[in-house]
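Structure file upload-v7.pdb (PDB, C-alpha atoms, pLDDT in the B column) follows.
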```pdb
ATOM      1  CA  MET A   1       0.949  28.861  12.322  1.00 64.00           C
ATOM      2  CA  LYS A   2      -0.317  26.610   9.547  1.00 81.00           C
ATOM      3  CA  THR A   3      -1.490  23.188  10.679  1.00 89.00           C
ATOM      4  CA  PHE A   4      -0.861  20.018   8.691  1.00 94.00           C
ATOM      5  CA  THR A   5      -3.640  17.438   8.510  1.00 94.00           C
ATOM      6  CA  GLU A   6      -2.775  13.733   8.416  1.00 96.00           C
ATOM      7  CA  SER A   7      -3.518  13.711   4.669  1.00 95.00           C
ATOM      8  CA  MET A   8      -1.080  16.587   4.188  1.00 95.00           C
ATOM      9  CA  LEU A   9       1.592  14.805   6.212  1.00 96.00           C
ATOM     10  CA  ASN A  10       1.093  11.744   4.015  1.00 96.00           C
ATOM     11  CA  GLN A  11       1.791  13.894   0.947  1.00 96.00           C
ATOM     12  CA  CYS A  12       5.104  14.949   2.496  1.00 95.00           C
ATOM     13  CA  ARG A  13       6.096  11.285   2.909  1.00 96.00           C
ATOM     14  CA  LYS A  14       5.926  10.704  -0.839  1.00 97.00           C
ATOM     15  CA  TYR A  15       8.750  11.164  -3.338  1.00 97.00           C
ATOM     16  CA  MET A  16      10.262  14.619  -2.822  1.00 97.00           C
ATOM     17  CA  PHE A  17      13.275  16.052  -4.634  1.00 98.00           C
ATOM     18  CA  SER A  18      14.862  19.500  -4.640  1.00 98.00           C
ATOM     19  CA  PHE A  19      17.786  20.619  -6.775  1.00 98.00           C
ATOM     20  CA  PHE A  20      19.228  23.371  -4.591  1.00 98.00           C
ATOM     21  CA  ASP A  21      19.325  24.549  -0.987  1.00 97.00           C
ATOM     22  CA  TYR A  22      17.882  28.047  -0.663  1.00 96.00           C
ATOM     23  CA  LEU A  23      19.134  30.284   2.139  1.00 95.00           C
ATOM     24  CA  PRO A  24      16.617  33.071   2.952  1.00 92.00           C
ATOM     25  CA  THR A  25      17.816  36.665   2.669  1.00 90.00           C
ATOM     26  CA  LYS A  26      17.779  37.152   6.430  1.00 91.00           C
ATOM     27  CA  TYR A  27      20.947  35.000   6.609  1.00 92.00           C
ATOM     28  CA  LYS A  28      24.492  35.896   5.620  1.00 93.00           C
ATOM     29  CA  ALA A  29      25.210  34.074   2.387  1.00 92.00           C
ATOM     30  CA  SER A  30      28.229  32.580   0.657  1.00 95.00           C
ATOM     31  CA  ALA A  31      28.897  33.158  -3.045  1.00 96.00           C
ATOM     32  CA  ARG A  32      27.168  29.828  -3.790  1.00 96.00           C
ATOM     33  CA  ASP A  33      24.116  30.826  -1.698  1.00 96.00           C
ATOM     34  CA  TRP A  34      23.872  34.065  -3.684  1.00 96.00           C
ATOM     35  CA  GLN A  35      24.164  32.125  -6.939  1.00 97.00           C
ATOM     36  CA  VAL A  36      21.216  29.911  -5.919  1.00 97.00           C
ATOM     37  CA  ARG A  37      19.175  32.919  -4.740  1.00 96.00           C
ATOM     38  CA  LYS A  38      19.698  34.719  -8.037  1.00 97.00           C
ATOM     39  CA  TYR A  39      18.806  31.588 -10.016  1.00 97.00           C
ATOM     40  CA  VAL A  40      15.579  31.094  -8.039  1.00 97.00           C
ATOM     41  CA  TRP A  41      14.655  34.765  -8.457  1.00 96.00           C
ATOM     42  CA  ALA A  42      15.430  34.604 -12.189  1.00 97.00           C
ATOM     43  CA  PHE A  43      13.241  31.500 -12.470  1.00 97.00           C
ATOM     44  CA  LYS A  44      10.382  33.287 -10.705  1.00 95.00           C
ATOM     45  CA  ASP A  45      10.747  36.086 -13.265  1.00 95.00           C
ATOM     46  CA  GLY A  46      10.636  33.605 -16.175  1.00 95.00           C
ATOM     47  CA  LYS A  47      14.258  34.241 -17.159  1.00 96.00           C
ATOM     48  CA  CYS A  48      15.661  30.712 -16.972  1.00 96.00           C
ATOM     49  CA  ALA A  49      12.713  28.490 -17.865  1.00 96.00           C
ATOM     50  CA  VAL A  50      14.677  26.401 -20.367  1.00 97.00           C
ATOM     51  CA  SER A  51      17.682  25.666 -18.132  1.00 97.00           C
ATOM     52  CA  ALA A  52      15.399  24.812 -15.197  1.00 98.00           C
ATOM     53  CA  ALA A  53      13.273  22.599 -17.462  1.00 98.00           C
ATOM     54  CA  GLN A  54      16.394  20.756 -18.575  1.00 98.00           C
ATOM     55  CA  LEU A  55      17.307  20.028 -14.930  1.00 98.00           C
ATOM     56  CA  VAL A  56      13.789  18.866 -14.070  1.00 98.00           C
ATOM     57  CA  ALA A  57      13.296  16.784 -17.222  1.00 98.00           C
ATOM     58  CA  LYS A  58      16.630  15.015 -16.723  1.00 98.00           C
ATOM     59  CA  LYS A  59      15.683  14.084 -13.156  1.00 98.00           C
ATOM     60  CA  ILE A  60      12.217  12.903 -14.250  1.00 98.00           C
ATOM     61  CA  ARG A  61      13.790  10.635 -16.889  1.00 98.00           C
ATOM     62  CA  GLU A  62      16.311   9.279 -14.348  1.00 97.00           C
ATOM     63  CA  GLN A  63      13.702   8.721 -11.639  1.00 97.00           C
ATOM     64  CA  PHE A  64      10.726   7.478 -13.651  1.00 97.00           C
ATOM     65  CA  GLY A  65      12.104   6.287 -16.994  1.00 97.00           C
ATOM     66  CA  THR A  66       9.469   5.373 -19.588  1.00 95.00           C
ATOM     67  CA  SER A  67       6.672   5.560 -17.011  1.00 96.00           C
ATOM     68  CA  ALA A  68       7.048   9.359 -17.180  1.00 97.00           C
ATOM     69  CA  SER A  69       4.708   9.322 -20.184  1.00 97.00           C
ATOM     70  CA  ASP A  70       1.934   8.059 -17.871  1.00 97.00           C
ATOM     71  CA  MET A  71       2.272  11.088 -15.573  1.00 98.00           C
ATOM     72  CA  VAL A  72       0.968  14.642 -15.610  1.00 98.00           C
ATOM     73  CA  PHE A  73       3.410  17.402 -14.629  1.00 98.00           C
ATOM     74  CA  VAL A  74       1.673  20.203 -12.709  1.00 98.00           C
ATOM     75  CA  CYS A  75       3.131  23.361 -11.203  1.00 97.00           C
ATOM     76  CA  ILE A  76       1.630  24.871  -8.079  1.00 95.00           C
ATOM     77  CA  PRO A  77       0.348  28.150  -9.526  1.00 92.00           C
ATOM     78  CA  ALA A  78       2.026  31.466  -8.838  1.00 88.00           C
ATOM     79  CA  SER A  79       0.192  34.307  -7.109  1.00 81.00           C
ATOM     80  CA  SER A  80      -1.494  35.657 -10.252  1.00 82.00           C
ATOM     81  CA  GLN A  81      -2.397  34.433 -13.736  1.00 85.00           C
ATOM     82  CA  ARG A  82       0.199  36.799 -15.223  1.00 88.00           C
ATOM     83  CA  LYS A  83       2.974  35.573 -12.907  1.00 89.00           C
ATOM     84  CA  ASN A  84       1.862  31.993 -13.432  1.00 91.00           C
ATOM     85  CA  GLU A  85       2.204  32.369 -17.193  1.00 93.00           C
ATOM     86  CA  ILE A  86       5.589  34.098 -16.939  1.00 95.00           C
ATOM     87  CA  ARG A  87       6.939  31.475 -14.545  1.00 95.00           C
ATOM     88  CA  TYR A  88       5.403  28.224 -15.749  1.00 97.00           C
ATOM     89  CA  LYS A  89       3.977  28.269 -19.291  1.00 97.00           C
ATOM     90  CA  GLU A  90       7.247  27.844 -21.226  1.00 97.00           C
ATOM     91  CA  PHE A  91       8.835  25.860 -18.385  1.00 98.00           C
ATOM     92  CA  SER A  92       6.018  23.283 -18.245  1.00 98.00           C
ATOM     93  CA  ALA A  93       5.945  22.873 -22.018  1.00 98.00           C
ATOM     94  CA  GLU A  94       9.699  22.317 -22.105  1.00 98.00           C
ATOM     95  CA  VAL A  95       9.646  19.816 -19.210  1.00 98.00           C
ATOM     96  CA  ALA A  96       6.942  17.871 -21.046  1.00 98.00           C
ATOM     97  CA  ARG A  97       8.803  17.975 -24.354  1.00 98.00           C
ATOM     98  CA  LEU A  98      12.109  16.825 -22.839  1.00 98.00           C
ATOM     99  CA  SER A  99      10.793  14.181 -20.414  1.00 98.00           C
ATOM    100  CA  GLY A 100       7.661  12.806 -22.048  1.00 98.00           C
ATOM    101  CA  VAL A 101       5.311  13.727 -19.180  1.00 98.00           C
ATOM    102  CA  GLN A 102       1.899  15.199 -19.974  1.00 98.00           C
ATOM    103  CA  ASN A 103       1.741  18.952 -19.464  1.00 98.00           C
ATOM    104  CA  GLY A 104      -0.995  19.918 -16.979  1.00 97.00           C
ATOM    105  CA  TYR A 105      -0.423  23.670 -17.335  1.00 97.00           C
ATOM    106  CA  ASP A 106      -3.526  24.359 -19.440  1.00 96.00           C
ATOM    107  CA  HIS A 107      -5.766  22.547 -16.945  1.00 96.00           C
ATOM    108  CA  ILE A 108      -5.240  25.074 -14.165  1.00 92.00           C
ATOM    109  CA  THR A 109      -6.412  28.681 -14.156  1.00 87.00           C
ATOM    110  CA  VAL A 110      -5.882  31.433 -11.642  1.00 85.00           C
ATOM    111  CA  GLU A 111      -8.480  34.114 -10.749  1.00 78.00           C
ATOM    112  CA  GLY A 112      -9.910  36.062  -7.801  1.00 61.00           C
ATOM    113  CA  GLU A 113      -7.844  37.465  -4.949  1.00 54.00           C
ATOM    114  CA  ARG A 114      -6.533  36.645  -1.475  1.00 51.00           C
ATOM    115  CA  LEU A 115      -3.482  37.831   0.523  1.00 52.00           C
ATOM    116  CA  ALA A 116      -0.098  36.053   0.624  1.00 55.00           C
ATOM    117  CA  ILE A 117       3.381  36.758   1.995  1.00 55.00           C
ATOM    118  CA  HIS A 118       6.296  36.177  -0.393  1.00 56.00           C
ATOM    119  CA  GLU A 119      10.053  36.573  -0.110  1.00 58.00           C
ATOM    120  CA  SER A 120      12.116  38.004  -2.945  1.00 58.00           C
ATOM    121  CA  HIS A 121      15.493  39.655  -3.320  1.00 61.00           C
ATOM    122  CA  SER A 122      13.988  42.864  -1.928  1.00 63.00           C
ATOM    123  CA  GLY A 123      12.667  41.182   1.249  1.00 65.00           C
ATOM    124  CA  LYS A 124       9.270  39.933   2.379  1.00 65.00           C
ATOM    125  CA  HIS A 125       6.068  41.551   1.181  1.00 58.00           C
ATOM    126  CA  VAL A 126       2.318  41.002   1.350  1.00 59.00           C
ATOM    127  CA  ASN A 127       0.354  41.035  -1.876  1.00 56.00           C
ATOM    128  CA  ASN A 128      -2.897  39.865  -3.422  1.00 56.00           C
ATOM    129  CA  VAL A 129      -2.844  36.406  -4.953  1.00 51.00           C
ATOM    130  CA  GLU A 130      -5.362  34.501  -6.960  1.00 63.00           C
ATOM    131  CA  ILE A 131      -7.759  31.582  -6.488  1.00 80.00           C
ATOM    132  CA  ILE A 132      -6.793  28.358  -8.252  1.00 85.00           C
ATOM    133  CA  ASN A 133      -9.277  26.526 -10.489  1.00 87.00           C
ATOM    134  CA  LEU A 134      -8.520  22.956 -11.582  1.00 91.00           C
ATOM    135  CA  ASP A 135     -10.044  21.022 -14.481  1.00 93.00           C
ATOM    136  CA  LYS A 136     -11.724  18.288 -12.394  1.00 93.00           C
ATOM    137  CA  GLU A 137     -12.411  15.935 -15.291  1.00 95.00           C
ATOM    138  CA  TYR A 138      -8.846  16.155 -16.597  1.00 96.00           C
ATOM    139  CA  PHE A 139      -7.181  15.235 -13.302  1.00 97.00           C
ATOM    140  CA  LYS A 140      -9.517  12.356 -12.449  1.00 96.00           C
ATOM    141  CA  GLY A 141      -7.528   9.076 -12.532  1.00 97.00           C
ATOM    142  CA  LYS A 142      -4.222  10.758 -13.501  1.00 97.00           C
ATOM    143  CA  LYS A 143      -0.829  10.127 -11.890  1.00 98.00           C
ATOM    144  CA  VAL A 144       0.494  13.587 -11.058  1.00 98.00           C
ATOM    145  CA  LEU A 145       3.961  14.926 -10.288  1.00 98.00           C
ATOM    146  CA  VAL A 146       3.700  18.315  -8.565  1.00 98.00           C
ATOM    147  CA  PHE A 147       6.340  21.038  -9.009  1.00 98.00           C
ATOM    148  CA  ASP A 148       6.957  24.224  -7.065  1.00 97.00           C
ATOM    149  CA  ASP A 149       9.838  26.663  -7.249  1.00 96.00           C
ATOM    150  CA  VAL A 150      10.688  26.632  -3.522  1.00 96.00           C
ATOM    151  CA  ILE A 151       9.555  24.325  -0.736  1.00 96.00           C
ATOM    152  CA  THR A 152       9.877  25.637   2.792  1.00 94.00           C
ATOM    153  CA  ARG A 153       7.880  23.465   5.167  1.00 93.00           C
ATOM    154  CA  GLY A 154       5.758  21.803   2.496  1.00 95.00           C
ATOM    155  CA  PHE A 155       2.388  23.270   3.425  1.00 94.00           C
ATOM    156  CA  SER A 156       1.534  24.665  -0.030  1.00 92.00           C
ATOM    157  CA  TYR A 157       2.698  21.482  -1.731  1.00 96.00           C
ATOM    158  CA  ALA A 158       0.748  19.212   0.632  1.00 96.00           C
ATOM    159  CA  ARG A 159      -2.431  21.298   0.442  1.00 93.00           C
ATOM    160  CA  PHE A 160      -2.283  21.399  -3.368  1.00 94.00           C
ATOM    161  CA  ALA A 161      -1.542  17.649  -3.613  1.00 97.00           C
ATOM    162  CA  CYS A 162      -4.465  16.839  -1.306  1.00 96.00           C
ATOM    163  CA  HIS A 163      -6.751  18.985  -3.433  1.00 94.00           C
ATOM    164  CA  LEU A 164      -5.656  17.127  -6.580  1.00 96.00           C
ATOM    165  CA  GLU A 165      -6.364  13.811  -4.884  1.00 97.00           C
ATOM    166  CA  LYS A 166      -9.847  14.985  -3.864  1.00 95.00           C
ATOM    167  CA  LEU A 167     -10.448  15.398  -7.605  1.00 95.00           C
ATOM    168  CA  GLY A 168      -9.433  11.778  -8.174  1.00 96.00           C
ATOM    169  CA  ALA A 169      -5.762  12.234  -9.118  1.00 97.00           C
ATOM    170  CA  CYS A 170      -2.965  10.121  -7.658  1.00 98.00           C
ATOM    171  CA  VAL A 171      -0.101  12.406  -6.617  1.00 98.00           C
ATOM    172  CA  ILE A 172       3.183  10.500  -6.804  1.00 98.00           C
ATOM    173  CA  GLY A 173       5.257  13.248  -5.219  1.00 98.00           C
ATOM    174  CA  GLY A 174       6.867  16.617  -5.683  1.00 98.00           C
ATOM    175  CA  MET A 175       9.892  18.255  -7.275  1.00 98.00           C
ATOM    176  CA  PHE A 176      11.188  21.637  -6.255  1.00 98.00           C
ATOM    177  CA  LEU A 177      13.804  23.930  -7.708  1.00 98.00           C
ATOM    178  CA  ALA A 178      15.008  24.694  -4.184  1.00 97.00           C
ATOM    179  CA  LYS A 179      14.413  23.807  -0.543  1.00 97.00           C
ATOM    180  CA  THR A 180      14.577  26.518   2.109  1.00 96.00           C
ATOM    181  CA  LEU A 181      17.311  26.005   4.686  1.00 93.00           C
ATOM    182  CA  PHE A 182      16.744  26.859   8.319  1.00 85.00           C
ATOM    183  CA  VAL A 183      19.925  27.894  10.074  1.00 74.00           C
TER     184      VAL A 183
END
```
Re-express the file's structure as structure tokens.
Amino acid sequence: MKTFTESMLNQCRKYMFSFFDYLPTKYKASARDWQVRKYVWAFKDGKCAVSAAQLVAKKIREQFGTSASDMVFVCIPASSQRKNEIRYKEFSAEVARLSGVQNGYDHITVEGERLAIHESHSGKHVNNVEIINLDKEYFKGKKVLVFDDVITRGFSYARFACHLEKLGACVIGGMFLAKTLFV
């Protein structure tokens, strides 16, 4: 079981917003649950970057107004550079264009390998994922809004946010396409 540090718990007390409730595949789902699942899976495959960016940008404008231009929008990287590009390159650019936030996409690279467990429409699977490299100088002194496709317990978000803050960034919170439901 993953253990949260006090710093990680503090990250989870910040602004957090998710657009949809995500019901894992191990549960019987309604038509709406299946609609959300398919949307999340399509997003992960890079197939609805523009519509998701429109949702996120609208919420950023509503929540932060003109101060959005003082923030950097950063996505928690996917498990490989290729998947990261498919999932987040167009999406991040569109969120920035529509909301006025600064796009942090080009200041994060993914390389190396480690193991991770992921859930998709075909079930859970273990695969190699990459090591995340952040542009330390870029993030120093920046206000950062973190995005991830799905938040379950918040461990990945909190760990990533803490790492950004160790580089000198100020994480203001997180936005998520969906939040995992536990039934």
Neighbour list for His163 (chain A) as a list in words, cut-off 12 Å, only C-alpha atoms, skip fewer than 3 positions in-chain: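 Contacts, in chain order: Ser7, Met8, Gln11, Ile76, Ile132, Asn133, Leu134, Asp135, Lys136, Phe139, Lys140, Val144, Val146, Ser156, Tyr157, Ala158, Arg159, Phe160, Lys166, Leu167, Gly168, Ala169, Cys170 and Val171 of chain A.
CA of Tyr105 (chain A) is found 9.3 Å from CA of Val72 (chain A).
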For each of A:Leu181, A:Ala93, A:Cys12, A:Cys75, take the minimum atom-to-atom distance to Asp148 (chain A), counting only C-alpha atoms, then give the residue where this is smallest. A:Cys75
Do you know which residues the PyMOL selection byres ((chain A and resi 14-26) around 8) returns on this file, as a PyMOL selection string? chain A and resi 10-13+27-29+33+36-37+121+123+150+172-182
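The space between CA of Glu137 (chain A) and CA of Glu111 (chain A) spans 19.1 Å.
The closest residue to Val50 (chain A), picked from A:Phe91, A:Tyr138, A:Phe147, A:Phe73 and counting only C-alpha atoms, is A:Phe91.
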Could you state the separation of CA of Ala78 (chain A) and CA of Ile151 (chain A) in Å, given to one decimal place?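 Result for CA of Ala78 (chain A) versus CA of Ile151 (chain A): 13.2 Å, one decimal.
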Once the PyMOL selection byres ((chain A and resi 85) around 12) has been evaluated on this model, what residues remain selected, and can you format them as a PyMOL selection string? chain A and resi 44-46+49+75-84+86-93+105-106+108-110
So that I can see what lies close to Ser67 (chain A), please list as a list in words the residues with an atom at most 12 Å from it, counting all atoms listed in the file and leaving out residues fewer than 2 positions away in the same chain.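 Here the qualifying residues turn out to be Ile60, Arg61, Glu62, Gln63, Phe64, Gly65, Ser69, Asp70, Met71, Val72, Ser99, Gly100, Val101, Gln102, Lys143, Val144, Leu145 and Ile172 of chain A.
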Out of A:Val183, A:Cys48, A:Thr5, A:Trp41, which residue has the shortest atom-to-atom distance to Glu94 (chain A) when counting only C-alpha atoms? A:Cys48
Which of these residues is nearest to Val95 (chain A), using all atoms listed in the file: A:Ala57, A:Val74, A:Ala31, A:Ala68? A:Ala57
Please output region 159-171 of chain A, rebuilt to include N, CA, C and O atoms, as a compact mmCIF listing (two decimals), in the coordinates of the input.
```
# COMPACT_ATOMS: atom_id res chain seq x y z
N ARG A 159 -1.05 20.85 0.63
CA ARG A 159 -2.43 21.30 0.44
C ARG A 159 -2.86 21.14 -1.01
O ARG A 159 -3.96 20.66 -1.31
N PHE A 160 -1.98 21.52 -1.94
CA PHE A 160 -2.28 21.40 -3.37
C PHE A 160 -2.41 19.93 -3.77
O PHE A 160 -3.34 19.55 -4.49
N ALA A 161 -1.50 19.09 -3.29
CA ALA A 161 -1.54 17.65 -3.61
C ALA A 161 -2.83 17.01 -3.08
O ALA A 161 -3.46 16.21 -3.77
N CYS A 162 -3.21 17.37 -1.87
CA CYS A 162 -4.46 16.84 -1.31
C CYS A 162 -5.66 17.27 -2.15
O CYS A 162 -6.58 16.47 -2.39
N HIS A 163 -5.65 18.50 -2.60
CA HIS A 163 -6.75 18.98 -3.43
C HIS A 163 -6.82 18.19 -4.74
O HIS A 163 -7.90 17.80 -5.18
N LEU A 164 -5.68 17.94 -5.36
CA LEU A 164 -5.66 17.13 -6.58
C LEU A 164 -6.23 15.74 -6.32
O LEU A 164 -6.99 15.20 -7.14
N GLU A 165 -5.88 15.15 -5.19
CA GLU A 165 -6.36 13.81 -4.88
C GLU A 165 -7.86 13.80 -4.59
O GLU A 165 -8.54 12.82 -4.89
N LYS A 166 -8.39 14.90 -4.05
CA LYS A 166 -9.85 14.98 -3.86
C LYS A 166 -10.57 14.99 -5.20
O LYS A 166 -11.73 14.61 -5.28
N LEU A 167 -9.87 15.40 -6.26
CA LEU A 167 -10.45 15.40 -7.60
C LEU A 167 -10.29 14.04 -8.29
O LEU A 167 -10.74 13.87 -9.41
N GLY A 168 -9.61 13.11 -7.60
CA GLY A 168 -9.43 11.78 -8.17
C GLY A 168 -8.07 11.51 -8.76
O GLY A 168 -7.82 10.44 -9.32
N ALA A 169 -7.13 12.45 -8.64
CA ALA A 169 -5.76 12.23 -9.12
C ALA A 169 -4.99 11.40 -8.10
O ALA A 169 -5.38 11.30 -6.94
N CYS A 170 -3.89 10.83 -8.54
CA CYS A 170 -2.96 10.12 -7.66
C CYS A 170 -1.64 10.87 -7.71
O CYS A 170 -0.92 10.81 -8.70
N VAL A 171 -1.34 11.63 -6.66
CA VAL A 171 -0.10 12.41 -6.62
C VAL A 171 1.03 11.46 -6.22
O VAL A 171 0.97 10.80 -5.19
```
